[in-house]
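Below is the file run.cif, which contains mmCIF, N, CA, C and O atoms.
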data_query
#
loop_
_atom_site.label_atom_id
_atom_site.label_comp_id
_atom_site.auth_asym_id
_atom_site.auth_seq_id
_atom_site.Cartn_x
_atom_site.Cartn_y
_atom_site.Cartn_z
N MET A 12 173.61 103.10 50.31
CA MET A 12 172.32 103.08 50.94
C MET A 12 171.24 102.70 49.93
O MET A 12 170.29 102.02 50.28
N ASP A 13 171.42 103.16 48.68
CA ASP A 13 170.44 102.81 47.66
C ASP A 13 170.40 101.30 47.44
O ASP A 13 169.33 100.71 47.33
N PHE A 14 171.59 100.68 47.35
CA PHE A 14 171.60 99.24 47.12
C PHE A 14 170.88 98.52 48.26
O PHE A 14 170.06 97.65 48.02
N HIS A 15 171.21 98.89 49.49
CA HIS A 15 170.59 98.25 50.64
C HIS A 15 169.06 98.38 50.58
O HIS A 15 168.33 97.40 50.77
N HIS A 16 168.60 99.58 50.28
CA HIS A 16 167.15 99.81 50.20
C HIS A 16 166.50 98.93 49.14
O HIS A 16 165.52 98.23 49.42
N TRP A 17 167.04 98.95 47.93
CA TRP A 17 166.41 98.21 46.84
C TRP A 17 166.58 96.70 46.97
O TRP A 17 165.72 95.93 46.54
N GLN A 18 167.66 96.27 47.61
CA GLN A 18 167.80 94.85 47.89
C GLN A 18 166.69 94.42 48.86
O GLN A 18 166.05 93.39 48.65
N ASP A 19 166.45 95.21 49.91
CA ASP A 19 165.38 94.90 50.85
C ASP A 19 164.01 94.88 50.15
O ASP A 19 163.21 93.98 50.39
N VAL A 20 163.77 95.84 49.28
CA VAL A 20 162.50 95.89 48.55
C VAL A 20 162.34 94.62 47.72
O VAL A 20 161.28 93.99 47.71
N MET A 21 163.39 94.24 47.02
CA MET A 21 163.34 93.05 46.16
C MET A 21 163.06 91.80 46.98
O MET A 21 162.17 91.01 46.63
N ILE A 22 163.79 91.62 48.06
CA ILE A 22 163.62 90.43 48.90
C ILE A 22 162.24 90.43 49.56
O ILE A 22 161.53 89.42 49.58
N ASP A 23 161.84 91.58 50.12
CA ASP A 23 160.55 91.66 50.82
C ASP A 23 159.36 91.40 49.90
O ASP A 23 158.38 90.78 50.31
N ASN A 24 159.45 91.86 48.67
CA ASN A 24 158.30 91.77 47.77
C ASN A 24 158.33 90.59 46.80
O ASN A 24 157.28 90.20 46.30
N PHE A 25 159.52 90.05 46.52
CA PHE A 25 159.60 89.03 45.48
C PHE A 25 160.38 87.79 45.87
O PHE A 25 160.75 86.99 45.01
N SER A 26 160.64 87.58 47.15
CA SER A 26 161.49 86.46 47.55
C SER A 26 160.96 85.12 47.06
O SER A 26 161.74 84.23 46.71
N SER A 27 159.65 84.96 47.00
CA SER A 27 159.11 83.67 46.54
C SER A 27 159.35 83.44 45.05
O SER A 27 159.27 82.31 44.59
N GLU A 28 159.67 84.50 44.33
CA GLU A 28 159.93 84.38 42.89
C GLU A 28 161.41 84.32 42.56
O GLU A 28 161.78 84.15 41.39
N LEU A 29 162.28 84.47 43.56
CA LEU A 29 163.72 84.51 43.33
C LEU A 29 164.35 83.16 43.58
O LEU A 29 163.92 82.42 44.46
N THR A 30 165.42 82.87 42.85
CA THR A 30 166.17 81.64 43.08
C THR A 30 167.15 81.87 44.23
O THR A 30 167.46 83.02 44.59
N ALA A 31 167.65 80.79 44.79
CA ALA A 31 168.65 80.89 45.85
C ALA A 31 169.89 81.62 45.36
O ALA A 31 170.50 82.41 46.09
N GLU A 32 170.27 81.39 44.10
CA GLU A 32 171.44 82.05 43.52
C GLU A 32 171.23 83.56 43.39
O GLU A 32 172.15 84.34 43.61
N GLN A 33 170.03 83.96 43.02
CA GLN A 33 169.74 85.39 42.91
C GLN A 33 169.82 86.06 44.28
O GLN A 33 170.44 87.12 44.42
N ILE A 34 169.21 85.45 45.27
CA ILE A 34 169.24 86.01 46.62
C ILE A 34 170.68 86.05 47.14
O ILE A 34 171.11 87.04 47.73
N ALA A 35 171.44 84.99 46.90
CA ALA A 35 172.83 84.94 47.36
C ALA A 35 173.68 86.01 46.70
O ALA A 35 174.55 86.61 47.35
N SER A 36 173.43 86.28 45.43
CA SER A 36 174.24 87.30 44.75
C SER A 36 173.97 88.69 45.33
O SER A 36 174.89 89.49 45.51
N LEU A 37 172.72 88.97 45.66
CA LEU A 37 172.39 90.26 46.29
C LEU A 37 172.99 90.33 47.70
O LEU A 37 173.53 91.35 48.10
N ALA A 38 172.90 89.24 48.46
CA ALA A 38 173.42 89.21 49.81
C ALA A 38 174.94 89.40 49.83
O ALA A 38 175.48 90.06 50.72
N ALA A 39 175.63 88.84 48.85
CA ALA A 39 177.09 88.97 48.79
C ALA A 39 177.50 90.42 48.56
O ALA A 39 178.45 90.90 49.19
N ILE A 40 176.80 91.10 47.70
CA ILE A 40 177.09 92.52 47.45
C ILE A 40 176.79 93.33 48.70
O ILE A 40 177.59 94.19 49.12
N GLU A 41 175.66 93.08 49.31
CA GLU A 41 175.28 93.79 50.54
C GLU A 41 176.32 93.58 51.64
O GLU A 41 176.66 94.49 52.37
N GLU A 42 176.84 92.37 51.75
CA GLU A 42 177.83 92.06 52.78
C GLU A 42 179.09 92.89 52.58
O GLU A 42 179.65 93.41 53.55
N ILE A 43 179.54 93.02 51.35
CA ILE A 43 180.73 93.84 51.09
C ILE A 43 180.47 95.29 51.43
O ILE A 43 181.29 95.94 52.09
N PHE A 44 179.33 95.82 51.01
CA PHE A 44 179.01 97.21 51.35
C PHE A 44 178.94 97.40 52.86
O PHE A 44 179.41 98.41 53.39
N SER A 45 178.36 96.45 53.58
CA SER A 45 178.28 96.55 55.04
C SER A 45 179.67 96.55 55.67
O SER A 45 179.94 97.30 56.61
N ARG A 46 180.54 95.71 55.16
CA ARG A 46 181.90 95.62 55.69
C ARG A 46 182.67 96.93 55.52
O ARG A 46 183.42 97.34 56.39
N PHE A 47 182.46 97.60 54.38
CA PHE A 47 183.19 98.84 54.09
C PHE A 47 182.46 100.10 54.54
O PHE A 47 182.98 101.20 54.42
N SER A 48 181.24 99.96 55.04
CA SER A 48 180.48 101.12 55.51
C SER A 48 180.92 101.50 56.92
O SER A 48 181.52 100.70 57.64
N ARG A 49 180.57 102.71 57.32
CA ARG A 49 180.90 103.19 58.66
C ARG A 49 180.39 102.18 59.68
O ARG A 49 179.25 101.75 59.63
N GLY A 50 181.27 101.78 60.58
CA GLY A 50 180.93 100.78 61.59
C GLY A 50 181.28 99.37 61.15
O GLY A 50 181.25 98.45 61.96
N GLY A 51 181.60 99.19 59.88
CA GLY A 51 181.97 97.87 59.37
C GLY A 51 183.41 97.52 59.70
O GLY A 51 184.23 98.39 60.01
N SER A 52 183.73 96.26 59.61
CA SER A 52 185.04 95.77 60.01
C SER A 52 186.18 96.30 59.14
O SER A 52 187.33 96.31 59.58
N GLN A 53 185.90 96.74 57.92
CA GLN A 53 186.94 97.24 57.03
C GLN A 53 186.67 98.68 56.58
O GLN A 53 187.12 99.08 55.51
N TYR A 54 185.96 99.42 57.40
CA TYR A 54 185.62 100.79 57.02
C TYR A 54 186.87 101.61 56.76
O TYR A 54 187.81 101.62 57.55
N ARG A 55 186.86 102.26 55.60
CA ARG A 55 187.88 103.24 55.23
C ARG A 55 187.15 104.33 54.47
O ARG A 55 186.48 104.06 53.47
N GLU A 56 187.28 105.54 54.91
CA GLU A 56 186.59 106.65 54.24
C GLU A 56 186.97 106.74 52.77
O GLU A 56 186.12 107.00 51.91
N GLU A 57 188.23 106.48 52.46
CA GLU A 57 188.68 106.61 51.07
C GLU A 57 188.03 105.58 50.14
O GLU A 57 187.98 105.78 48.93
N PHE A 58 187.51 104.49 50.68
CA PHE A 58 186.80 103.50 49.87
C PHE A 58 185.65 104.14 49.11
O PHE A 58 185.34 103.73 47.99
N TRP A 59 185.02 105.15 49.69
CA TRP A 59 183.85 105.79 49.11
C TRP A 59 184.18 107.00 48.25
O TRP A 59 183.27 107.62 47.69
N MET A 60 185.45 107.34 48.10
CA MET A 60 185.86 108.49 47.30
C MET A 60 185.83 108.12 45.81
O MET A 60 186.03 106.97 45.43
N ASP A 61 185.60 109.13 44.98
CA ASP A 61 185.49 108.90 43.53
C ASP A 61 186.68 108.14 42.96
O ASP A 61 186.51 107.23 42.14
N GLU A 62 187.88 108.50 43.37
CA GLU A 62 189.09 107.85 42.85
C GLU A 62 189.08 106.35 43.14
O GLU A 62 189.37 105.54 42.26
N ALA A 63 188.71 105.98 44.35
CA ALA A 63 188.66 104.56 44.71
C ALA A 63 187.57 103.83 43.92
O ALA A 63 187.78 102.71 43.46
N VAL A 64 186.43 104.48 43.78
CA VAL A 64 185.33 103.85 43.03
C VAL A 64 185.79 103.54 41.60
O VAL A 64 185.47 102.50 41.05
N ARG A 65 186.57 104.44 41.04
CA ARG A 65 187.03 104.24 39.66
C ARG A 65 188.17 103.22 39.55
O ARG A 65 188.23 102.48 38.58
N LYS A 66 189.08 103.16 40.55
CA LYS A 66 190.32 102.44 40.34
C LYS A 66 190.64 101.31 41.32
O LYS A 66 191.55 100.52 41.05
N SER A 67 189.95 101.21 42.44
CA SER A 67 190.37 100.22 43.43
C SER A 67 189.95 98.81 43.06
O SER A 67 188.90 98.59 42.46
N PRO A 68 190.79 97.84 43.43
CA PRO A 68 190.43 96.43 43.21
C PRO A 68 189.15 96.03 43.95
O PRO A 68 188.41 95.17 43.48
N ASP A 69 188.90 96.65 45.10
CA ASP A 69 187.67 96.33 45.84
C ASP A 69 186.45 96.66 45.01
O ASP A 69 185.50 95.87 44.93
N TRP A 70 186.46 97.83 44.38
CA TRP A 70 185.31 98.22 43.56
C TRP A 70 185.23 97.39 42.29
O TRP A 70 184.13 97.10 41.80
N GLU A 71 186.36 96.98 41.75
CA GLU A 71 186.32 96.10 40.57
C GLU A 71 185.67 94.77 40.95
O GLU A 71 184.89 94.22 40.19
N SER A 72 185.96 94.29 42.15
CA SER A 72 185.34 93.05 42.64
C SER A 72 183.83 93.24 42.78
O SER A 72 183.05 92.35 42.40
N ILE A 73 183.40 94.39 43.29
CA ILE A 73 181.97 94.67 43.42
C ILE A 73 181.31 94.72 42.05
O ILE A 73 180.22 94.18 41.85
N ARG A 74 181.99 95.35 41.08
CA ARG A 74 181.41 95.41 39.73
C ARG A 74 181.29 94.00 39.12
O ARG A 74 180.30 93.69 38.45
N GLN A 75 182.27 93.15 39.39
CA GLN A 75 182.20 91.77 38.89
C GLN A 75 181.02 91.04 39.54
O GLN A 75 180.29 90.32 38.87
N MET A 76 180.84 91.24 40.83
CA MET A 76 179.71 90.61 41.52
C MET A 76 178.38 91.14 40.97
O MET A 76 177.42 90.38 40.83
N ALA A 77 178.34 92.42 40.65
CA ALA A 77 177.12 93.01 40.08
C ALA A 77 176.83 92.41 38.71
O ALA A 77 175.67 92.12 38.39
N ARG A 78 177.89 92.21 37.90
CA ARG A 78 177.69 91.58 36.59
C ARG A 78 177.14 90.16 36.75
O ARG A 78 176.24 89.74 36.03
N GLN A 79 177.66 89.45 37.74
CA GLN A 79 177.17 88.09 38.01
C GLN A 79 175.71 88.13 38.45
O GLN A 79 174.91 87.30 38.02
N ALA A 80 175.35 89.09 39.30
CA ALA A 80 173.96 89.21 39.74
C ALA A 80 173.05 89.51 38.55
O ALA A 80 171.99 88.90 38.41
N LEU A 81 173.46 90.44 37.70
CA LEU A 81 172.66 90.75 36.50
C LEU A 81 172.43 89.49 35.67
O LEU A 81 171.32 89.24 35.21
N SER A 82 173.48 88.72 35.50
CA SER A 82 173.37 87.49 34.72
C SER A 82 172.40 86.51 35.37
O SER A 82 171.57 85.89 34.69
N ARG A 83 172.47 86.37 36.68
CA ARG A 83 171.56 85.46 37.39
C ARG A 83 170.10 85.88 37.28
O ARG A 83 169.21 85.05 37.36
N PHE A 84 169.88 87.19 37.11
CA PHE A 84 168.51 87.68 36.94
C PHE A 84 168.09 87.69 35.47
O PHE A 84 166.94 87.96 35.15
N GLY A 85 169.05 87.42 34.58
CA GLY A 85 168.75 87.45 33.16
C GLY A 85 168.61 88.87 32.62
O GLY A 85 167.94 89.09 31.62
N TRP A 86 169.25 89.81 33.31
CA TRP A 86 169.18 91.22 32.91
C TRP A 86 170.42 91.60 32.14
O TRP A 86 171.51 91.10 32.41
N PRO A 87 170.30 92.51 31.18
CA PRO A 87 171.48 92.90 30.39
C PRO A 87 172.42 93.81 31.18
O PRO A 87 172.00 94.51 32.10
N GLU A 88 173.69 93.75 30.80
CA GLU A 88 174.66 94.71 31.34
C GLU A 88 174.56 95.97 30.50
O GLU A 88 174.79 95.94 29.30
N GLU A 89 174.17 97.05 31.12
CA GLU A 89 174.12 98.32 30.41
C GLU A 89 174.37 99.45 31.37
O GLU A 89 174.15 99.32 32.58
N GLU A 90 174.85 100.54 30.85
CA GLU A 90 175.13 101.71 31.67
C GLU A 90 173.83 102.27 32.22
O GLU A 90 172.83 102.34 31.50
N PRO A 91 173.83 102.66 33.51
CA PRO A 91 172.63 103.28 34.04
C PRO A 91 172.40 104.63 33.39
O PRO A 91 173.34 105.28 32.92
N PRO A 92 171.16 105.07 33.34
CA PRO A 92 170.88 106.38 32.73
C PRO A 92 171.51 107.50 33.56
O PRO A 92 171.68 107.36 34.78
N ILE A 93 171.87 108.54 32.91
CA ILE A 93 172.41 109.71 33.58
C ILE A 93 171.29 110.38 34.37
O ILE A 93 170.20 110.58 33.83
N ALA A 94 171.56 110.66 35.63
CA ALA A 94 170.53 111.30 36.47
C ALA A 94 170.21 112.67 35.92
O ALA A 94 171.08 113.44 35.53
N ARG A 95 168.96 112.96 35.86
CA ARG A 95 168.51 114.28 35.40
C ARG A 95 168.06 115.07 36.61
O ARG A 95 167.39 114.55 37.49
N THR A 96 168.40 116.31 36.63
CA THR A 96 167.97 117.17 37.73
C THR A 96 166.99 118.19 37.21
O THR A 96 167.03 118.59 36.05
N ASN A 97 166.08 118.59 38.06
CA ASN A 97 165.14 119.65 37.69
C ASN A 97 165.83 120.98 37.83
O ASN A 97 166.42 121.27 38.85
N ARG A 98 165.76 121.75 36.80
CA ARG A 98 166.41 123.06 36.84
C ARG A 98 165.42 124.15 36.63
O ARG A 98 164.47 124.11 36.03
#
Would you write out, as structure tokens, the structure that this file holds?
Amino acid sequence: MDFHHWQDVMIDNFSSELTAEQIASLAAIEEIFSRFSRGGSQYREEFWMDEAVRKSPDWESIRQMARQALSRFGWPEEEPPIARTNR
């Protein structure tokens, strides 16, 4: 859901500044998430489980697509920051 939200924000606010390749890379990732989400043609609950995220070929494909998108935006590949919670 986060990806979908931020993809929409990016397209809605910056589409005139994005290349066709950048938009296509975001759309390709969104399409895969839609396909595997509830109601999608390939929905499987286990796709969203931690084990699958770590080891499945589907998720490796998504990570490869994400690396390609980062490259198209000229952004570095780096680990996201660890979420901090208020305690």
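Selecting by distance to (189.5, 101.4, 47.9) with a limit of 7 Å and using only C-alpha atoms, one obtains A:Glu57, A:Phe58, A:Ala63, A:Val64, A:Ser67, A:Pro68, A:Asp69, A:Trp70.
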Using DSSP secondary structure from the backbone, list all alpha helix (DSSP H) positions within chain A, as a VMD selection string. chain A and resid 13 to 25 31 to 47 61 to 66 68 to 84
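Separating CA of Glu42 (chain A) from CA of Gly85 (chain A) is a distance of 22.1 Å.
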Determine the residue set returned by the PyMOL selection byres (((chain A and resi 18-25 and name CA) around 12) and name CA) for the present structure, and present it as a ChimeraX atom specification. /A:12-17,26-31,33-42,44,80,84
Between CA of Arg65 (chain A) and CA of Phe47 (chain A), distance in Å (one decimal): 15.9 Å
Reconstructed all heavy atoms for region 49-60 of chain A, given as a tab-separated table (two decimals), in the coordinates of the input:
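What follows is the written file selection.tsv:
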chain	number	residue	atom	x	y	z
A	49	ARG	N	180.57	102.71	57.32
A	49	ARG	CA	180.90	103.19	58.66
A	49	ARG	C	180.39	102.18	59.68
A	49	ARG	O	179.25	101.75	59.63
A	49	ARG	CB	180.27	104.55	58.89
A	49	ARG	CG	180.68	105.18	60.19
A	49	ARG	CD	180.42	106.64	60.22
A	49	ARG	NE	181.44	107.24	59.36
A	49	ARG	CZ	181.25	108.32	58.60
A	49	ARG	NH1	180.10	108.92	58.59
A	49	ARG	NH2	182.21	108.79	57.85
A	50	GLY	N	181.27	101.78	60.58
A	50	GLY	CA	180.93	100.78	61.59
A	50	GLY	C	181.28	99.37	61.15
A	50	GLY	O	181.25	98.45	61.96
A	51	GLY	N	181.60	99.19	59.88
A	51	GLY	CA	181.97	97.87	59.37
A	51	GLY	C	183.41	97.52	59.70
A	51	GLY	O	184.23	98.39	60.01
A	52	SER	N	183.73	96.26	59.61
A	52	SER	CA	185.04	95.77	60.01
A	52	SER	C	186.18	96.30	59.14
A	52	SER	O	187.33	96.31	59.58
A	52	SER	CB	185.06	94.24	60.00
A	52	SER	OG	184.85	93.75	58.68
A	53	GLN	N	185.90	96.74	57.92
A	53	GLN	CA	186.94	97.24	57.03
A	53	GLN	C	186.67	98.68	56.58
A	53	GLN	O	187.12	99.08	55.51
A	53	GLN	CB	187.08	96.33	55.81
A	53	GLN	CG	187.61	94.96	56.16
A	53	GLN	CD	187.78	94.11	54.93
A	53	GLN	OE1	186.83	93.84	54.22
A	53	GLN	NE2	189.00	93.70	54.68
A	54	TYR	N	185.96	99.42	57.40
A	54	TYR	CA	185.62	100.79	57.02
A	54	TYR	C	186.87	101.61	56.76
A	54	TYR	O	187.81	101.62	57.55
A	54	TYR	CB	184.80	101.47	58.11
A	54	TYR	CG	184.58	102.94	57.82
A	54	TYR	CD1	183.73	103.34	56.81
A	54	TYR	CD2	185.27	103.93	58.52
A	54	TYR	CE1	183.53	104.68	56.51
A	54	TYR	CE2	185.09	105.27	58.24
A	54	TYR	CZ	184.22	105.64	57.23
A	54	TYR	OH	184.04	106.95	56.93
A	55	ARG	N	186.86	102.26	55.60
A	55	ARG	CA	187.88	103.24	55.23
A	55	ARG	C	187.15	104.33	54.47
A	55	ARG	O	186.48	104.06	53.47
A	55	ARG	CB	188.94	102.63	54.32
A	55	ARG	CG	189.77	101.54	54.93
A	55	ARG	CD	190.90	101.06	54.01
A	55	ARG	NE	190.62	101.06	52.60
A	55	ARG	CZ	190.15	100.03	51.87
A	55	ARG	NH1	189.87	98.89	52.47
A	55	ARG	NH2	189.97	100.13	50.58
A	56	GLU	N	187.28	105.54	54.91
A	56	GLU	CA	186.59	106.65	54.24
A	56	GLU	C	186.97	106.74	52.77
A	56	GLU	O	186.12	107.00	51.91
A	56	GLU	CB	186.90	107.96	54.95
A	56	GLU	CG	186.08	109.12	54.44
A	56	GLU	CD	186.29	110.37	55.27
A	56	GLU	OE1	186.44	110.27	56.49
A	56	GLU	OE2	186.27	111.46	54.66
A	57	GLU	N	188.23	106.48	52.46
A	57	GLU	CA	188.68	106.61	51.07
A	57	GLU	C	188.03	105.58	50.14
A	57	GLU	O	187.98	105.78	48.93
A	57	GLU	CB	190.21	106.53	50.97
A	57	GLU	CG	190.83	105.25	51.44
A	57	GLU	CD	191.17	105.24	52.94
A	57	GLU	OE1	190.79	106.17	53.67
A	57	GLU	OE2	191.79	104.27	53.36
A	58	PHE	N	187.51	104.49	50.68
A	58	PHE	CA	186.80	103.50	49.87
A	58	PHE	C	185.65	104.14	49.11
A	58	PHE	O	185.34	103.73	47.99
A	58	PHE	CB	186.27	102.38	50.78
A	58	PHE	CG	185.41	101.37	50.07
A	58	PHE	CD1	185.98	100.34	49.34
A	58	PHE	CD2	184.03	101.44	50.13
A	58	PHE	CE1	185.19	99.39	48.69
A	58	PHE	CE2	183.22	100.51	49.49
A	58	PHE	CZ	183.82	99.48	48.77
A	59	TRP	N	185.02	105.15	49.69
A	59	TRP	CA	183.85	105.79	49.11
A	59	TRP	C	184.18	107.00	48.25
A	59	TRP	O	183.27	107.62	47.69
A	59	TRP	CB	182.88	106.19	50.23
A	59	TRP	CG	182.44	104.99	51.00
A	59	TRP	CD1	182.91	104.58	52.21
A	59	TRP	CD2	181.49	104.01	50.59
A	59	TRP	NE1	182.30	103.39	52.58
A	59	TRP	CE2	181.42	103.03	51.60
A	59	TRP	CE3	180.68	103.86	49.46
A	59	TRP	CZ2	180.58	101.92	51.53
A	59	TRP	CZ3	179.84	102.76	49.40
A	59	TRP	CH2	179.80	101.81	50.42
A	60	MET	N	185.45	107.34	48.10
A	60	MET	CA	185.86	108.49	47.30
A	60	MET	C	185.83	108.12	45.81
A	60	MET	O	186.03	106.97	45.43
A	60	MET	CB	187.27	108.95	47.69
A	60	MET	CG	187.40	109.32	49.15
A	60	MET	SD	186.39	110.76	49.52
A	60	MET	CE	186.76	111.01	51.22
